[in-house]
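What follows is the content of start26.tsv (TSV, N, CA and C atoms).
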chain	number	residue	atom	x	y	z
M	730	MET	N	22.36	20.43	-0.49
M	730	MET	CA	21.22	20.11	0.35
M	730	MET	C	21.21	18.59	0.54
M	731	SER	N	21.37	18.15	1.78
M	731	SER	CA	21.42	16.72	2.05
M	731	SER	C	20.10	16.19	2.59
M	732	SER	N	19.25	17.09	3.13
M	732	SER	CA	17.95	16.65	3.63
M	732	SER	C	16.97	17.82	3.60
M	733	VAL	N	15.67	17.45	3.60
M	733	VAL	CA	14.58	18.43	3.55
M	733	VAL	C	13.48	17.95	4.49
M	734	ARG	N	12.75	18.89	5.07
M	734	ARG	CA	11.59	18.50	5.88
M	734	ARG	C	10.62	17.70	5.03
M	735	ILE	N	10.03	16.68	5.62
M	735	ILE	CA	9.16	15.80	4.83
M	735	ILE	C	7.89	16.51	4.35
M	736	ASP	N	7.36	17.45	5.14
M	736	ASP	CA	6.16	18.15	4.68
M	736	ASP	C	6.47	19.03	3.47
M	737	LYS	N	7.66	19.64	3.44
M	737	LYS	CA	8.06	20.43	2.27
M	737	LYS	C	8.24	19.54	1.05
M	738	TRP	N	8.86	18.38	1.25
M	738	TRP	CA	9.10	17.48	0.13
M	738	TRP	C	7.80	16.94	-0.44
M	739	LEU	N	6.86	16.54	0.42
M	739	LEU	CA	5.57	16.03	-0.05
M	739	LEU	C	4.82	17.09	-0.85
M	740	TRP	N	4.92	18.33	-0.41
M	740	TRP	CA	4.28	19.44	-1.12
M	740	TRP	C	4.97	19.67	-2.46
M	741	ALA	N	6.31	19.67	-2.46
M	741	ALA	CA	7.07	19.90	-3.69
M	741	ALA	C	6.87	18.77	-4.69
M	742	ALA	N	6.68	17.54	-4.20
M	742	ALA	CA	6.46	16.38	-5.08
M	742	ALA	C	5.00	16.27	-5.52
M	743	ARG	N	4.18	17.21	-5.08
M	743	ARG	CA	2.77	17.32	-5.49
M	743	ARG	C	1.89	16.17	-5.02
M	744	PHE	N	2.19	15.62	-3.84
M	744	PHE	CA	1.27	14.65	-3.25
M	744	PHE	C	0.13	15.38	-2.55
M	745	PHE	N	0.38	16.63	-2.11
M	745	PHE	CA	-0.62	17.45	-1.44
M	745	PHE	C	-0.60	18.84	-2.03
M	746	LYS	N	-1.77	19.50	-2.07
M	746	LYS	CA	-1.89	20.82	-2.67
M	746	LYS	C	-1.18	21.91	-1.87
M	747	THR	N	-1.21	21.79	-0.55
M	747	THR	CA	-0.58	22.80	0.28
M	747	THR	C	0.35	22.12	1.28
M	748	ARG	N	1.29	22.91	1.79
M	748	ARG	CA	2.20	22.37	2.78
M	748	ARG	C	1.45	22.06	4.08
M	749	ALA	N	0.43	22.85	4.37
M	749	ALA	CA	-0.38	22.61	5.57
M	749	ALA	C	-1.07	21.25	5.48
M	750	LEU	N	-1.58	20.88	4.31
M	750	LEU	CA	-2.20	19.57	4.13
M	750	LEU	C	-1.18	18.45	4.29
M	751	ALA	N	0.03	18.68	3.80
M	751	ALA	CA	1.09	17.68	3.95
M	751	ALA	C	1.45	17.50	5.43
M	752	ALA	N	1.56	18.60	6.16
M	752	ALA	CA	1.86	18.53	7.59
M	752	ALA	C	0.73	17.82	8.34
M	753	ARG	N	-0.50	18.11	7.97
M	753	ARG	CA	-1.66	17.49	8.62
M	753	ARG	C	-1.68	15.98	8.37
M	754	ALA	N	-1.32	15.57	7.15
M	754	ALA	CA	-1.26	14.14	6.83
M	754	ALA	C	-0.21	13.45	7.70
M	755	CYS	N	0.91	14.11	7.94
M	755	CYS	CA	1.94	13.53	8.81
M	755	CYS	C	1.41	13.39	10.23
M	756	GLN	N	0.71	14.40	10.71
M	756	GLN	CA	0.17	14.37	12.07
M	756	GLN	C	-0.89	13.29	12.23
M	757	LEU	N	-1.63	13.00	11.16
M	757	LEU	CA	-2.69	11.99	11.21
M	757	LEU	C	-2.18	10.59	10.86
M	758	SER	N	-0.87	10.41	10.86
M	758	SER	CA	-0.24	9.11	10.61
M	758	SER	C	-0.57	8.56	9.23
M	759	ARG	N	-0.53	9.40	8.24
M	759	ARG	CA	-0.78	8.96	6.86
M	759	ARG	C	0.50	8.88	6.05
M	760	VAL	N	1.62	9.19	6.69
M	760	VAL	CA	2.92	9.12	6.03
M	760	VAL	C	3.84	8.27	6.90
M	761	GLU	N	4.50	7.30	6.27
M	761	GLU	CA	5.35	6.36	7.00
M	761	GLU	C	6.70	6.29	6.32
M	762	ALA	N	7.76	6.30	7.11
M	762	ALA	CA	9.12	6.15	6.60
M	762	ALA	C	9.84	5.12	7.45
M	763	ALA	N	10.47	4.17	6.81
M	763	ALA	CA	11.21	3.11	7.50
M	763	ALA	C	10.34	2.39	8.53
M	764	GLY	N	9.07	2.20	8.22
M	764	GLY	CA	8.18	1.46	9.09
M	764	GLY	C	7.64	2.24	10.27
M	765	GLN	N	7.91	3.54	10.34
M	765	GLN	CA	7.43	4.36	11.45
M	765	GLN	C	6.68	5.57	10.92
M	766	TRP	N	5.62	5.97	11.65
M	766	TRP	CA	4.89	7.18	11.29
M	766	TRP	C	5.79	8.38	11.54
M	767	VAL	N	5.70	9.39	10.72
M	767	VAL	CA	6.62	10.52	10.82
M	767	VAL	C	5.89	11.80	11.21
M	768	LYS	N	6.65	12.70	11.79
M	768	LYS	CA	6.15	14.04	12.09
M	768	LYS	C	6.55	14.95	10.95
M	769	PRO	N	5.89	16.11	10.80
M	769	PRO	CA	6.17	16.99	9.66
M	769	PRO	C	7.62	17.49	9.59
M	770	ALA	N	8.30	17.59	10.72
M	770	ALA	CA	9.65	18.13	10.73
M	770	ALA	C	10.72	17.09	10.45
M	771	ARG	N	10.36	15.83	10.26
M	771	ARG	CA	11.35	14.79	10.00
M	771	ARG	C	12.08	15.10	8.70
M	772	GLU	N	13.36	14.84	8.71
M	772	GLU	CA	14.18	15.07	7.52
M	772	GLU	C	14.09	13.86	6.59
M	773	VAL	N	13.90	14.11	5.32
M	773	VAL	CA	13.87	13.05	4.32
M	773	VAL	C	15.15	13.17	3.49
M	774	ARG	N	15.74	12.02	3.15
M	774	ARG	CA	16.99	11.99	2.40
M	774	ARG	C	16.81	11.15	1.13
M	775	VAL	N	17.71	11.33	0.19
M	775	VAL	CA	17.67	10.54	-1.04
M	775	VAL	C	17.86	9.07	-0.67
M	776	GLY	N	17.01	8.21	-1.24
M	776	GLY	CA	17.07	6.79	-0.98
M	776	GLY	C	16.04	6.31	0.03
M	777	ASP	N	15.39	7.23	0.75
M	777	ASP	CA	14.37	6.84	1.71
M	777	ASP	C	13.16	6.25	0.99
M	778	THR	N	12.48	5.30	1.63
M	778	THR	CA	11.24	4.74	1.10
M	778	THR	C	10.10	5.24	1.96
M	779	LEU	N	9.09	5.82	1.32
M	779	LEU	CA	7.95	6.41	2.02
M	779	LEU	C	6.67	5.71	1.60
M	780	LYS	N	5.76	5.54	2.57
M	780	LYS	CA	4.40	5.08	2.28
M	780	LYS	C	3.47	6.25	2.57
M	781	ILE	N	2.71	6.66	1.56
M	781	ILE	CA	1.88	7.86	1.66
M	781	ILE	C	0.44	7.48	1.34
M	782	LYS	N	-0.48	7.86	2.23
M	782	LYS	CA	-1.91	7.62	2.01
M	782	LYS	C	-2.55	8.95	1.65
M	783	THR	N	-3.12	9.02	0.45
M	783	THR	CA	-3.82	10.22	0.01
M	783	THR	C	-5.20	9.83	-0.50
M	784	GLU	N	-5.97	10.84	-0.91
M	784	GLU	CA	-7.28	10.56	-1.50
M	784	GLU	C	-7.14	9.80	-2.81
M	785	GLY	N	-6.01	9.99	-3.49
M	785	GLY	CA	-5.78	9.33	-4.76
M	785	GLY	C	-5.36	7.88	-4.63
M	786	GLY	N	-5.07	7.43	-3.42
M	786	GLY	CA	-4.66	6.05	-3.19
M	786	GLY	C	-3.46	5.99	-2.26
M	787	ASP	N	-2.96	4.79	-2.10
M	787	ASP	CA	-1.78	4.57	-1.26
M	787	ASP	C	-0.57	4.44	-2.16
M	788	PHE	N	0.46	5.24	-1.89
M	788	PHE	CA	1.67	5.25	-2.69
M	788	PHE	C	2.83	4.71	-1.86
M	789	THR	N	3.68	3.92	-2.47
M	789	THR	CA	4.96	3.53	-1.89
M	789	THR	C	6.02	4.05	-2.86
M	790	VAL	N	6.81	5.00	-2.40
M	790	VAL	CA	7.76	5.67	-3.30
M	790	VAL	C	9.16	5.66	-2.70
M	791	GLU	N	10.13	5.74	-3.61
M	791	GLU	CA	11.53	5.90	-3.22
M	791	GLU	C	11.94	7.31	-3.59
M	792	VAL	N	12.57	8.01	-2.67
M	792	VAL	CA	13.00	9.39	-2.90
M	792	VAL	C	14.25	9.38	-3.78
M	793	LEU	N	14.17	10.08	-4.92
M	793	LEU	CA	15.29	10.15	-5.85
M	793	LEU	C	16.01	11.49	-5.78
M	794	ALA	N	15.28	12.55	-5.46
M	794	ALA	CA	15.87	13.89	-5.40
M	794	ALA	C	15.14	14.70	-4.34
M	795	LEU	N	15.76	15.78	-3.93
M	795	LEU	CA	15.18	16.66	-2.91
M	795	LEU	C	14.86	18.01	-3.50
M	796	SER	N	13.79	18.62	-2.97
M	796	SER	CA	13.41	19.96	-3.40
M	796	SER	C	12.58	20.61	-2.31
M	797	GLU	N	12.83	21.90	-2.10
M	797	GLU	CA	12.03	22.67	-1.14
M	797	GLU	C	11.02	23.56	-1.84
M	798	ILE	N	11.13	23.65	-3.17
M	798	ILE	CA	10.22	24.52	-3.92
M	798	ILE	C	9.33	23.67	-4.80
M	799	ARG	N	8.12	24.16	-5.01
M	799	ARG	CA	7.14	23.45	-5.82
M	799	ARG	C	7.27	23.92	-7.26
M	800	GLY	N	7.57	23.00	-8.14
M	800	GLY	CA	7.72	23.33	-9.55
M	800	GLY	C	6.63	22.69	-10.37
M	801	PRO	N	6.82	22.68	-11.68
M	801	PRO	CA	5.82	22.05	-12.55
M	801	PRO	C	5.74	20.54	-12.31
M	802	ALA	N	4.63	19.94	-12.70
M	802	ALA	CA	4.38	18.52	-12.46
M	802	ALA	C	5.46	17.61	-13.06
M	803	PRO	N	5.94	17.86	-14.28
M	803	PRO	CA	6.99	16.98	-14.81
M	803	PRO	C	8.26	16.99	-13.94
M	804	VAL	N	8.59	18.13	-13.37
M	804	VAL	CA	9.75	18.22	-12.50
M	804	VAL	C	9.48	17.49	-11.19
M	805	ALA	N	8.26	17.63	-10.66
M	805	ALA	CA	7.89	16.98	-9.41
M	805	ALA	C	7.95	15.46	-9.54
M	806	GLN	N	7.62	14.93	-10.70
M	806	GLN	CA	7.63	13.48	-10.90
M	806	GLN	C	9.05	12.91	-10.93
M	807	THR	N	10.05	13.77	-11.13
M	807	THR	CA	11.44	13.29	-11.12
M	807	THR	C	11.99	13.18	-9.70
M	808	LEU	N	11.25	13.65	-8.70
M	808	LEU	CA	11.72	13.61	-7.32
M	808	LEU	C	11.56	12.23	-6.69
M	809	TYR	N	10.74	11.36	-7.28
M	809	TYR	CA	10.47	10.05	-6.67
M	809	TYR	C	10.22	9.01	-7.75
M	810	ARG	N	10.27	7.74	-7.31
M	810	ARG	CA	9.92	6.62	-8.19
M	810	ARG	C	8.96	5.73	-7.42
M	811	GLU	N	7.79	5.51	-7.99
M	811	GLU	CA	6.78	4.67	-7.34
M	811	GLU	C	7.11	3.20	-7.60
M	812	THR	N	6.94	2.37	-6.58
M	812	THR	CA	7.23	0.94	-6.74
M	812	THR	C	6.16	0.29	-7.63
M	813	GLU	N	6.54	-0.80	-8.25
M	813	GLU	CA	5.63	-1.50	-9.16
M	813	GLU	C	4.43	-2.07	-8.40
M	814	GLU	N	4.67	-2.58	-7.17
M	814	GLU	CA	3.57	-3.13	-6.37
M	814	GLU	C	2.54	-2.05	-6.05
M	815	SER	N	3.02	-0.87	-5.73
M	815	SER	CA	2.13	0.25	-5.41
M	815	SER	C	1.29	0.63	-6.62
M	816	ARG	N	1.93	0.69	-7.79
M	816	ARG	CA	1.22	1.05	-9.02
M	816	ARG	C	0.13	0.02	-9.34
M	817	GLU	N	0.46	-1.27	-9.17
M	817	GLU	CA	-0.51	-2.33	-9.45
M	817	GLU	C	-1.68	-2.29	-8.46
M	818	ALA	N	-1.38	-2.05	-7.18
M	818	ALA	CA	-2.43	-1.99	-6.17
M	818	ALA	C	-3.39	-0.84	-6.44
M	819	ARG	N	-2.86	0.31	-6.83
M	819	ARG	CA	-3.74	1.45	-7.14
M	819	ARG	C	-4.58	1.17	-8.37
M	820	ALA	N	-4.02	0.47	-9.36
M	820	ALA	CA	-4.79	0.10	-10.56
M	820	ALA	C	-5.93	-0.85	-10.20
M	821	ARG	N	-5.66	-1.81	-9.30
M	821	ARG	CA	-6.71	-2.74	-8.85
M	821	ARG	C	-7.83	-1.99	-8.13
M	822	GLU	N	-7.46	-1.06	-7.24
M	822	GLU	CA	-8.46	-0.30	-6.50
M	822	GLU	C	-9.33	0.53	-7.45
M	823	THR	N	-8.71	1.11	-8.46
M	823	THR	CA	-9.46	1.90	-9.44
M	823	THR	C	-10.44	1.01	-10.20
M	824	ALA	N	-10.00	-0.17	-10.58
M	824	ALA	CA	-10.88	-1.10	-11.30
M	824	ALA	C	-12.05	-1.53	-10.41
M	825	GLN	N	-11.79	-1.76	-9.12
M	825	GLN	CA	-12.86	-2.14	-8.21
M	825	GLN	C	-13.88	-1.01	-8.05
M	826	ARG	N	-13.40	0.23	-7.94
M	826	ARG	CA	-14.32	1.37	-7.81
M	826	ARG	C	-15.19	1.51	-9.05
M	827	LYS	N	-14.60	1.31	-10.22
M	827	LYS	CA	-15.37	1.40	-11.46
M	827	LYS	C	-16.40	0.29	-11.54
M	828	ALA	N	-16.04	-0.91	-11.09
M	828	ALA	CA	-16.98	-2.03	-11.11
M	828	ALA	C	-18.14	-1.80	-10.16
M	829	LEU	N	-17.87	-1.20	-9.01
M	829	LEU	CA	-18.94	-0.93	-8.03
M	829	LEU	C	-19.90	0.14	-8.52
M	830	MET	N	-19.45	1.02	-9.39
M	830	MET	CA	-20.33	2.07	-9.91
M	830	MET	C	-21.49	1.48	-10.69
M	831	GLY	N	-21.32	0.30	-11.25
M	831	GLY	CA	-22.40	-0.35	-11.98
M	831	GLY	C	-23.53	-0.82	-11.07
M	832	PHE	N	-23.21	-1.08	-9.82
M	832	PHE	CA	-24.22	-1.53	-8.87
M	832	PHE	C	-24.97	-0.37	-8.21
M	833	THR	N	-24.43	0.81	-8.28
M	833	THR	CA	-25.09	1.99	-7.69
M	833	THR	C	-25.25	3.05	-8.78
M	834	PRO	N	-26.20	2.85	-9.66
M	834	PRO	CA	-26.36	3.81	-10.75
M	834	PRO	C	-26.87	5.16	-10.23
M	835	ALA	N	-26.57	6.19	-10.97
M	835	ALA	CA	-27.03	7.53	-10.61
M	835	ALA	C	-28.54	7.61	-10.82
M	836	PRO	N	-29.24	8.41	-10.02
M	836	PRO	CA	-30.69	8.55	-10.21
M	836	PRO	C	-31.00	9.19	-11.57
M	837	GLU	N	-32.19	8.89	-12.06
M	837	GLU	CA	-32.58	9.39	-13.38
M	837	GLU	C	-32.83	10.90	-13.36
M	838	HIS	N	-33.32	11.41	-12.23
M	838	HIS	CA	-33.61	12.85	-12.14
M	838	HIS	C	-33.42	13.30	-10.70
M	839	ARG	N	-33.46	14.59	-10.49
M	839	ARG	CA	-33.31	15.13	-9.15
M	839	ARG	C	-34.57	14.87	-8.34
M	840	PRO	N	-34.43	14.74	-7.01
M	840	PRO	CA	-35.63	14.49	-6.21
M	840	PRO	C	-36.53	15.72	-6.19
M	841	SER	N	-37.83	15.47	-6.16
M	841	SER	CA	-38.80	16.56	-6.08
M	841	SER	C	-38.85	17.06	-4.64
M	842	LYS	N	-39.62	18.11	-4.42
M	842	LYS	CA	-39.74	18.66	-3.07
M	842	LYS	C	-40.32	17.61	-2.13
M	843	ARG	N	-41.30	16.87	-2.61
M	843	ARG	CA	-41.92	15.82	-1.80
M	843	ARG	C	-40.91	14.71	-1.48
M	844	ASP	N	-40.11	14.32	-2.49
M	844	ASP	CA	-39.08	13.30	-2.28
M	844	ASP	C	-38.05	13.75	-1.26
M	845	ARG	N	-37.64	15.02	-1.34
M	845	ARG	CA	-36.66	15.55	-0.39
M	845	ARG	C	-37.19	15.51	1.03
M	846	ARG	N	-38.46	15.84	1.20
M	846	ARG	CA	-39.07	15.78	2.53
M	846	ARG	C	-39.04	14.37	3.08
M	847	LYS	N	-39.33	13.40	2.23
M	847	LYS	CA	-39.29	12.00	2.66
M	847	LYS	C	-37.87	11.58	3.02
M	848	ILE	N	-36.91	12.04	2.26
M	848	ILE	CA	-35.50	11.72	2.55
M	848	ILE	C	-35.10	12.31	3.89
M	849	HIS	N	-35.47	13.56	4.13
M	849	HIS	CA	-35.14	14.22	5.41
M	849	HIS	C	-35.84	13.52	6.57
M	850	GLN	N	-37.08	13.14	6.39
M	850	GLN	CA	-37.80	12.41	7.44
M	850	GLN	C	-37.10	11.10	7.75
M	851	PHE	N	-36.71	10.39	6.72
M	851	PHE	CA	-36.06	9.10	6.90
M	851	PHE	C	-34.72	9.25	7.64
M	852	ARG	N	-33.94	10.27	7.28
M	852	ARG	CA	-32.64	10.47	7.90
M	852	ARG	C	-32.75	10.92	9.35
M	853	ASN	N	-33.81	11.67	9.70
M	853	ASN	CA	-33.95	12.20	11.05
M	853	ASN	C	-34.54	11.20	12.03
M	854	GLN	N	-35.06	10.09	11.55
M	854	GLN	CA	-35.66	9.10	12.46
M	854	GLN	C	-34.64	8.31	13.22

Can I see the file as structure tokens?
Amino acid sequence: MSSVRIDKWLWAARFFKTRALAARACQLSRVEAAGQWVKPAREVRVGDTLKIKTEGGDFTVEVLALSEIRGPAPVAQTLYRETEESREARARETAQRKALMGFTPAPEHRPSKRDRRKIHQFRNQ
């Protein structure tokens, strides 16, 4: 096997839960290879560098192996190598999110019926 569809590879490498989500991410320009946005049917080869935007963060990875089947997580992690810059950037973003949580504390209790009515009134204005 010299190449695999990129949506299959993203699914097998566990960047997305389903192949449909991987294909959708490609269509929405969230996957980039060689500086260009890719379509789901693009072939990925060993040595390619991909930029992937997911809910978990932005990844820059180098393809080390190919697979069309989804296996266990330890096997999926052997399919790629994340760059050091990407790892550091995701760590910074995580630290920023944690720091911002201190400024928006969770409410002490659930809103009462009266509070909910006020919230709905405020949002509908």

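In this structure, atom C of Gln756 of chain M sits 15.2 Å away from atom CA of Lys737 of chain M.
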
*asked:* Just list as a PyMOL selection string whatever in segment 741-849 of chain M DSSP marks as helix (DSSP H, G or I).
replied: chain M and resi 741+748-756+802-808+813-830+842-849

Kindly assemble as a Markdown table a list of the segment 765-819 of chain M residues that lie within 6.5 Å of segment 739-755 of chain M, each paired with its nearest atom pair and their distance in Å to one decimal, using all atoms listed in the file, sorted first by chain and then by ascending residue number.
| residue | atom | partner | partner_atom | distance |
| --- | --- | --- | --- | --- |
| M:Val767 | C | M:Cys755 | C | 4.9 |
| M:Lys768 | CA | M:Cys755 | C | 5.1 |
| M:Pro769 | CA | M:Ala752 | CA | 5.0 |
| M:Ser796 | C | M:Ala741 | CA | 5.7 |
| M:Glu797 | C | M:Ala741 | CA | 5.7 |
| M:Ile798 | C | M:Ala741 | CA | 4.5 |
| M:Arg799 | CA | M:Ala741 | CA | 4.1 |
| M:Gly800 | N | M:Ala741 | CA | 5.4 |
| M:Ala805 | CA | M:Ala742 | CA | 4.6 |
| M:Gln806 | N | M:Ala742 | CA | 5.9 |
| M:Leu808 | CA | M:Ala742 | CA | 6.4 |

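Using only C-alpha atoms, the nearest neighbour of Ser815 of chain M within the list M:Gly831, M:Pro801, M:Gly786, M:Pro840 is M:Gly786.
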
*Could you please give me, as a VMD selection string, the residues of protein, DNA or RNA lying at most 8 Å from (17.7, 7.8, -6.2) in the coordinate frame of the file, considering only C-alpha atoms?*
chain M and resid 775 to 776 791 to 794 809

*Calculate how many Å separate atom C of Ala820 of chain M from atom C of Gly785 of chain M, rounding to one decimal.*
10.4 Å

Using DSSP on the backbone coordinates, identify all residues within segment 778-848 of chain M classified as strand (DSSP E); present the result as a PDB file with N, CA and C atoms, in the coordinates of the input.
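Resulting contents of states.pdb:
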ATOM      1  N   THR M 778      12.480   5.300   1.630  1.00  0.00           N
ATOM      2  CA  THR M 778      11.240   4.740   1.100  1.00  0.00           C
ATOM      3  C   THR M 778      10.100   5.240   1.960  1.00  0.00           C
ATOM      4  N   LEU M 779       9.090   5.820   1.320  1.00  0.00           N
ATOM      5  CA  LEU M 779       7.950   6.410   2.020  1.00  0.00           C
ATOM      6  C   LEU M 779       6.670   5.710   1.600  1.00  0.00           C
ATOM      7  N   LYS M 780       5.760   5.540   2.570  1.00  0.00           N
ATOM      8  CA  LYS M 780       4.400   5.080   2.280  1.00  0.00           C
ATOM      9  C   LYS M 780       3.470   6.250   2.570  1.00  0.00           C
ATOM     10  N   ILE M 781       2.710   6.660   1.560  1.00  0.00           N
ATOM     11  CA  ILE M 781       1.880   7.860   1.660  1.00  0.00           C
ATOM     12  C   ILE M 781       0.440   7.480   1.340  1.00  0.00           C
ATOM     13  N   LYS M 782      -0.480   7.860   2.230  1.00  0.00           N
ATOM     14  CA  LYS M 782      -1.910   7.620   2.010  1.00  0.00           C
ATOM     15  C   LYS M 782      -2.550   8.950   1.650  1.00  0.00           C
ATOM     16  N   THR M 783      -3.120   9.020   0.450  1.00  0.00           N
ATOM     17  CA  THR M 783      -3.820  10.220   0.010  1.00  0.00           C
ATOM     18  C   THR M 783      -5.200   9.830  -0.500  1.00  0.00           C
ATOM     19  N   GLY M 786      -5.070   7.430  -3.420  1.00  0.00           N
ATOM     20  CA  GLY M 786      -4.660   6.050  -3.190  1.00  0.00           C
ATOM     21  C   GLY M 786      -3.460   5.990  -2.260  1.00  0.00           C
ATOM     22  N   ASP M 787      -2.960   4.790  -2.100  1.00  0.00           N
ATOM     23  CA  ASP M 787      -1.780   4.570  -1.260  1.00  0.00           C
ATOM     24  C   ASP M 787      -0.570   4.440  -2.160  1.00  0.00           C
ATOM     25  N   PHE M 788       0.460   5.240  -1.890  1.00  0.00           N
ATOM     26  CA  PHE M 788       1.670   5.250  -2.690  1.00  0.00           C
ATOM     27  C   PHE M 788       2.830   4.710  -1.860  1.00  0.00           C
ATOM     28  N   THR M 789       3.680   3.920  -2.470  1.00  0.00           N
ATOM     29  CA  THR M 789       4.960   3.530  -1.890  1.00  0.00           C
ATOM     30  C   THR M 789       6.020   4.050  -2.860  1.00  0.00           C
ATOM     31  N   VAL M 790       6.810   5.000  -2.400  1.00  0.00           N
ATOM     32  CA  VAL M 790       7.760   5.670  -3.300  1.00  0.00           C
ATOM     33  C   VAL M 790       9.160   5.660  -2.700  1.00  0.00           C
ATOM     34  N   GLU M 791      10.130   5.740  -3.610  1.00  0.00           N
ATOM     35  CA  GLU M 791      11.530   5.900  -3.220  1.00  0.00           C
ATOM     36  C   GLU M 791      11.940   7.310  -3.590  1.00  0.00           C
ATOM     37  N   VAL M 792      12.570   8.010  -2.670  1.00  0.00           N
ATOM     38  CA  VAL M 792      13.000   9.390  -2.900  1.00  0.00           C
ATOM     39  C   VAL M 792      14.250   9.380  -3.780  1.00  0.00           C
ATOM     40  N   TYR M 809      10.740  11.360  -7.280  1.00  0.00           N
ATOM     41  CA  TYR M 809      10.470  10.050  -6.670  1.00  0.00           C
ATOM     42  C   TYR M 809      10.220   9.010  -7.750  1.00  0.00           C
ATOM     43  N   ARG M 810      10.270   7.740  -7.310  1.00  0.00           N
ATOM     44  CA  ARG M 810       9.920   6.620  -8.190  1.00  0.00           C
ATOM     45  C   ARG M 810       8.960   5.730  -7.420  1.00  0.00           C
ATOM     46  N   GLU M 811       7.790   5.510  -7.990  1.00  0.00           N
ATOM     47  CA  GLU M 811       6.780   4.670  -7.340  1.00  0.00           C
ATOM     48  C   GLU M 811       7.110   3.200  -7.600  1.00  0.00           C
TER      49      GLU M 811
END

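The environment of Lys782 of chain M within 6 Å, counting all atoms listed in the file and disregarding residues fewer than 3 places along the same chain, consists of Arg759, Val760, Gly786, Asp787 and Phe788 of chain M.
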
Neighbour list for Ser732 of chain M as a PDB file with N, CA and C atoms, in the frame of the given file, cut-off 7 Å, only C-alpha atoms, skip fewer than 4 positions in-chain:
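Contents of the output file result.pdb:
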ATOM      1  N   GLU M 772      13.360  14.840   8.710  1.00  0.00           N
ATOM      2  CA  GLU M 772      14.180  15.070   7.520  1.00  0.00           C
ATOM      3  C   GLU M 772      14.090  13.860   6.590  1.00  0.00           C
ATOM      4  N   VAL M 773      13.900  14.110   5.320  1.00  0.00           N
ATOM      5  CA  VAL M 773      13.870  13.050   4.320  1.00  0.00           C
ATOM      6  C   VAL M 773      15.150  13.170   3.490  1.00  0.00           C
ATOM      7  N   ARG M 774      15.740  12.020   3.150  1.00  0.00           N
ATOM      8  CA  ARG M 774      16.990  11.990   2.400  1.00  0.00           C
ATOM      9  C   ARG M 774      16.810  11.150   1.130  1.00  0.00           C
TER      10      ARG M 774
END

*Considering only C-alpha atoms, state which residue in the set M:Glu813, M:Ala818, M:Asp736, M:Ile848 is at the smallest distance from Val790 of chain M.*
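Closest to Val790 of chain M of all the choices is M:Glu813.
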
*One decimal, Å: what's the distance from atom CA of Ala835 of chain M over to atom CA of Arg816 of chain M, could you say?*
29.0 Å

Need the axis-aligned box for segment 817-833 of chain M with 5 Å each side, so what are the centre and edges in Å to one decimal, as JSON?
{"center_x": -12.4, "center_y": 0.2, "center_z": -9.1, "size_x": 35.7, "size_y": 15.8, "size_z": 15.8}
